[in-house]
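Dumped model-v3.pdb below, it's PDB, C-alpha atoms:
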```pdb
ATOM      1  CA  MET O   1     -49.882  20.052 -13.203
ATOM      2  CA  THR O   2     -50.737  17.007 -15.268
ATOM      3  CA  ARG O   3     -49.945  13.394 -14.398
ATOM      4  CA  LYS O   4     -47.339  13.311 -17.133
ATOM      5  CA  GLN O   5     -45.502  16.348 -15.688
ATOM      6  CA  ARG O   6     -45.618  14.909 -12.144
ATOM      7  CA  ARG O   7     -44.222  11.615 -13.381
ATOM      8  CA  LEU O   8     -41.441  13.448 -15.255
ATOM      9  CA  TYR O   9     -40.526  15.474 -12.143
ATOM     10  CA  PHE O  10     -40.541  12.299 -10.032
ATOM     11  CA  VAL O  11     -38.242  10.474 -12.475
ATOM     12  CA  LEU O  12     -35.869  13.455 -12.708
ATOM     13  CA  LEU O  13     -35.768  13.815  -8.922
ATOM     14  CA  GLY O  14     -35.076  10.072  -8.579
ATOM     15  CA  MET O  15     -32.255  10.245 -11.139
ATOM     16  CA  LEU O  16     -30.764  13.266  -9.357
ATOM     17  CA  ALA O  17     -30.857  11.430  -6.010
ATOM     18  CA  LEU O  18     -29.322   8.319  -7.567
ATOM     19  CA  GLY O  19     -26.570  10.391  -9.185
ATOM     20  CA  GLY O  20     -25.810  12.071  -5.853
ATOM     21  CA  ALA O  21     -25.628   8.709  -4.092
ATOM     22  CA  VAL O  22     -23.267   7.313  -6.744
ATOM     23  CA  ALA O  23     -21.038  10.400  -6.440
ATOM     24  CA  LEU O  24     -20.854   9.999  -2.650
ATOM     25  CA  VAL O  25     -19.985   6.299  -2.919
ATOM     26  CA  LEU O  26     -17.260   6.918  -5.503
ATOM     27  CA  THR O  27     -15.765   9.711  -3.386
ATOM     28  CA  ALA O  28     -15.728   7.470  -0.308
ATOM     29  CA  ILE O  29     -14.093   4.629  -2.229
ATOM     30  CA  SER O  30     -11.388   6.830  -3.738
ATOM     31  CA  ASP O  31     -10.555   8.291  -0.301
ATOM     32  CA  SER O  32     -10.083   4.838   1.224
ATOM     33  CA  LEU O  33      -7.991   3.295  -1.582
ATOM     34  CA  VAL O  34      -4.446   2.382  -0.620
ATOM     35  CA  TYR O  35      -2.197   1.601  -3.566
ATOM     36  CA  PHE O  36       0.566  -1.008  -3.326
ATOM     37  CA  TYR O  37       4.006  -0.407  -4.798
ATOM     38  CA  SER O  38       7.310  -2.230  -4.804
ATOM     39  CA  PRO O  39      10.498  -0.184  -4.268
ATOM     40  CA  THR O  40      11.250  -0.493  -7.999
ATOM     41  CA  ASP O  41       7.805   0.932  -8.844
ATOM     42  CA  ILE O  42       8.527   3.961  -6.655
ATOM     43  CA  VAL O  43      11.939   4.565  -8.218
ATOM     44  CA  GLU O  44      10.704   4.136 -11.806
ATOM     45  CA  GLN O  45       7.337   5.946 -11.547
ATOM     46  CA  ARG O  46       6.453   9.455 -10.501
ATOM     47  CA  ILE O  47       4.391   8.828  -7.342
ATOM     48  CA  PRO O  48       2.472  11.897  -6.125
ATOM     49  CA  GLU O  49       3.763  13.203  -2.812
ATOM     50  CA  GLY O  50       1.360  12.671   0.079
ATOM     51  CA  ARG O  51      -0.573   9.770  -1.488
ATOM     52  CA  ARG O  52      -1.350   7.047   1.023
ATOM     53  CA  MET O  53       0.195   3.776  -0.151
ATOM     54  CA  ARG O  54       1.828   0.520   0.844
ATOM     55  CA  ILE O  55       5.339  -0.624   0.033
ATOM     56  CA  GLY O  56       6.309  -4.274   0.248
ATOM     57  CA  GLY O  57       9.647  -6.013   0.186
ATOM     58  CA  LEU O  58      12.471  -7.100   2.458
ATOM     59  CA  VAL O  59      14.116  -5.059   5.202
ATOM     60  CA  GLU O  60      17.556  -4.393   3.757
ATOM     61  CA  ASN O  61      20.473  -5.837   5.734
ATOM     62  CA  ASP O  62      22.514  -3.303   7.744
ATOM     63  CA  SER O  63      19.925  -0.551   7.174
ATOM     64  CA  LEU O  64      18.102  -0.675  10.523
ATOM     65  CA  VAL O  65      18.779   2.309  12.819
ATOM     66  CA  LYS O  66      16.842   2.772  16.080
ATOM     67  CA  ASP O  67      16.679   6.154  17.800
ATOM     68  CA  GLY O  68      14.305   5.818  20.739
ATOM     69  CA  LYS O  69      10.871   5.044  19.326
ATOM     70  CA  THR O  70      11.848   6.215  15.844
ATOM     71  CA  VAL O  71      13.205   3.572  13.500
ATOM     72  CA  THR O  72      14.692   4.087  10.055
ATOM     73  CA  PHE O  73      15.347   1.264   7.615
ATOM     74  CA  LYS O  74      15.216   0.499   3.915
ATOM     75  CA  VAL O  75      12.666  -1.682   2.153
ATOM     76  CA  THR O  76      14.115  -3.430  -0.884
ATOM     77  CA  ASP O  77      12.993  -5.753  -3.641
ATOM     78  CA  VAL O  78      16.693  -6.523  -4.264
ATOM     79  CA  THR O  79      16.725  -4.210  -7.308
ATOM     80  CA  ASN O  80      15.945  -0.903  -5.558
ATOM     81  CA  ALA O  81      15.472   0.297  -1.987
ATOM     82  CA  VAL O  82      13.263   2.958  -0.375
ATOM     83  CA  PRO O  83      14.213   4.633   2.936
ATOM     84  CA  VAL O  84      11.466   4.347   5.567
ATOM     85  CA  THR O  85      10.952   6.154   8.878
ATOM     86  CA  TYR O  86       8.546   4.779  11.476
ATOM     87  CA  THR O  87       7.723   5.972  14.967
ATOM     88  CA  GLY O  88       6.078   3.428  17.205
ATOM     89  CA  VAL O  89       6.325  -0.160  18.345
ATOM     90  CA  LEU O  90       7.542  -2.613  15.714
ATOM     91  CA  PRO O  91       6.059  -6.102  15.341
ATOM     92  CA  ASP O  92       7.948  -8.886  17.133
ATOM     93  CA  LEU O  93       8.829 -10.575  13.824
ATOM     94  CA  PHE O  94      10.396  -7.403  12.361
ATOM     95  CA  ARG O  95      14.105  -7.816  11.561
ATOM     96  CA  GLU O  96      16.604  -7.302   8.763
ATOM     97  CA  GLY O  97      16.155  -9.669   5.836
ATOM     98  CA  GLN O  98      12.507 -10.265   6.779
ATOM     99  CA  GLY O  99       9.530  -9.560   4.532
ATOM    100  CA  VAL O 100       7.614  -6.426   5.436
ATOM    101  CA  VAL O 101       4.716  -4.284   4.228
ATOM    102  CA  VAL O 102       4.670  -0.639   5.352
ATOM    103  CA  GLU O 103       1.781   1.785   4.952
ATOM    104  CA  GLY O 104       2.193   5.559   4.921
ATOM    105  CA  ARG O 105       3.108   8.483   2.655
ATOM    106  CA  MET O 106       6.148   9.739   0.750
ATOM    107  CA  ASP O 107       7.550  13.115   1.773
ATOM    108  CA  LYS O 108       9.290  15.716  -0.389
ATOM    109  CA  GLY O 109      12.759  14.336   0.318
ATOM    110  CA  GLY O 110      11.960  10.842  -0.952
ATOM    111  CA  GLN O 111      11.636   9.432   2.564
ATOM    112  CA  PHE O 112       8.651   7.170   3.235
ATOM    113  CA  LYS O 113       6.886   8.064   6.504
ATOM    114  CA  ALA O 114       5.243   4.839   7.683
ATOM    115  CA  THR O 115       2.160   4.836   9.889
ATOM    116  CA  GLU O 116       1.915   1.052  10.048
ATOM    117  CA  VAL O 117       4.419  -1.796   9.731
ATOM    118  CA  LEU O 118       3.410  -5.405   9.053
ATOM    119  CA  ALA O 119       6.091  -8.067   9.395
ATOM    120  CA  LYS O 120       5.781 -11.167   7.256
ATOM    121  CA  HIS O 121       5.364 -14.368   9.207
ATOM    122  CA  ASP O 122       4.333 -16.468   6.213
ATOM    123  CA  GLU O 123       3.433 -16.014   2.555
ATOM    124  CA  ASN O 124       0.141 -14.274   3.470
ATOM    125  CA  TYR O 125       1.978 -10.957   4.071
ATOM    126  CA  MET O 126       4.089 -11.129   0.905
ATOM    127  CA  PRO O 127       2.360  -9.394  -1.998
ATOM    128  CA  LYS O 128       2.511 -11.324  -5.275
ATOM    129  CA  GLU O 129       4.503  -8.591  -7.033
ATOM    130  CA  VAL O 130       7.225  -8.649  -4.366
ATOM    131  CA  ALA O 131       7.353 -12.466  -4.279
ATOM    132  CA  ASP O 132       7.715 -12.524  -8.078
ATOM    133  CA  ALA O 133      10.533  -9.949  -7.954
ATOM    134  CA  LEU O 134      12.347 -11.955  -5.259
ATOM    135  CA  LYS O 135      11.942 -15.203  -7.193
ATOM    136  CA  LYS O 136      13.296 -13.535 -10.338
ATOM    137  CA  SER O 137      16.363 -12.228  -8.477
ATOM    138  CA  GLY O 138      17.042 -15.601  -6.834
ATOM    139  CA  GLN O 139      16.469 -14.264  -3.303
ATOM    140  CA  TRP O 140      13.213 -16.161  -2.723
ATOM    141  CA  ASN O 141      13.250 -18.785   0.044
ATOM    142  CA  ASP O 142      10.119 -20.918   0.032
ATOM    143  CA  GLY O 143      11.174 -22.871   3.124
ATOM    144  CA  LYS O 144      12.182 -26.004   1.191
ATOM    145  CA  GLN O 145      15.690 -27.205   1.817
ATOM    146  CA  GLN O 146      17.694 -28.265  -1.198
ATOM    147  CA  LYS O 147      19.602 -31.559  -1.066
TER
END
```

Do you think you could lay out the structure here as structure tokens?
Amino acid sequence: MTRKQRRLYFVLLGMLALGGAVALVLTAISDSLVYFYSPTDIVEQRIPEGRRMRIGGLVENDSLVKDGKTVTFKVTDVTNAVPVTYTGVLPDLFREGQGVVVEGRMDKGGQFKATEVLAKHDENYMPKEVADALKKSGQWNDGKQQK
């Protein structure tokens, strides 16, 4: 085997290893991605069943039903609402009319099965898309009192 052939094999082996590493990284990234949607996005788009995602909005008034540790409620952006089921302990700040971000998956019946619930305590938990939708609908309260 000549030096030129050895060098060629070394370069090809290096490129193959690099390609394998890139494929592994891209697979790991795609598995850990969690997409964010507003309730209107879910109603208007065809979201694949079983995809892990987050939904942000307000807990709709008069939608909260507790049955032991299982809680059902609706998340709304004032235009549309998505029914959510969660089993577990809710955050202390969770209540109707409060901003919330839920993470989980949609089931076949259009019910969102949440695995995590984050209650908004300030603007840090309100995604920009949801805040914009609330401002547009006139439901946004920035904490400033009008005189």

Q.
Can you tell me which residues surround Gly57 of chain O at a distance of at most 8 Å, considering only C-alpha atoms, apart from same-chain residues fewer than 6 positions away, and format the answer as number ranges by chain?
A. O: 38-39, 75-77, 99-101, 126, 130

Keeping only C-alpha atoms, write the selected residues to a file as a short mmCIF file (atom, residue, chain, number, x, y, z; two decimals), in the coordinates of the input.
```cif
data_model
loop_
_atom_site.label_atom_id
_atom_site.label_comp_id
_atom_site.auth_asym_id
_atom_site.auth_seq_id
_atom_site.Cartn_x
_atom_site.Cartn_y
_atom_site.Cartn_z
CA SER O 38 7.31 -2.23 -4.80
CA PRO O 39 10.50 -0.18 -4.27
CA VAL O 75 12.67 -1.68 2.15
CA THR O 76 14.12 -3.43 -0.88
CA ASP O 77 12.99 -5.75 -3.64
CA GLY O 99 9.53 -9.56 4.53
CA VAL O 100 7.61 -6.43 5.44
CA VAL O 101 4.72 -4.28 4.23
CA MET O 126 4.09 -11.13 0.90
CA VAL O 130 7.22 -8.65 -4.37
#
```

Q: Starting from the displayed file, determine the output of the PyMOL selection byres ((chain O and resi 106-119) around 6) and express the residue list as a ChimeraX atom specification.
A: /O:49-50,83-86,93-94,100-105,120

Q | Atom-to-atom span, atom CA of Arg54 of chain O and atom CA of Val22 of chain O, Å | A |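 Distance between the two atoms: 27.1 Å.
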
Kindly provide, as JSON, the centre and edge lengths (Å, one decimal) of an axis-aligned box around all atoms of segment 93-101 of chain O given in the file, with 3 Å on each side.
```
{"center_x": 10.7, "center_y": -7.4, "center_z": 9.0, "size_x": 17.9, "size_y": 12.3, "size_z": 15.6}
```

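Atom CA of Met53 of chain O sits 4.7 Å away from atom CA of Tyr35 of chain O.
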
Q: Go ahead and compute the interatomic distance for atom CA of Asn80 of chain O and atom CA of Arg51 of chain O, in Å to one decimal.
A: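 We find that atom CA of Asn80 of chain O and atom CA of Arg51 of chain O lie 20.1 Å from each other.
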
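Minimum atom-to-atom distance to Lys66 of chain O, evaluated using all atoms listed in the file, belongs to O:Thr87 out of O:Thr79, O:Gln5, O:Thr87, O:Gln98.
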
Q: Could you tell me which residues the PyMOL selection byres ((chain O and resi 63) around 6) returns for this structure, as an MDAnalysis selection string?
A: chainID O and resid 60:62 64 73:74

Q. Of the residues O:Gly97, O:Val82, O:Val89, O:Tyr37, which is the one nearest to Lys69 of chain O, using only C-alpha atoms?
A.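 Once distances to Lys69 of chain O are computed over only C-alpha atoms, the minimum belongs to O:Val89.
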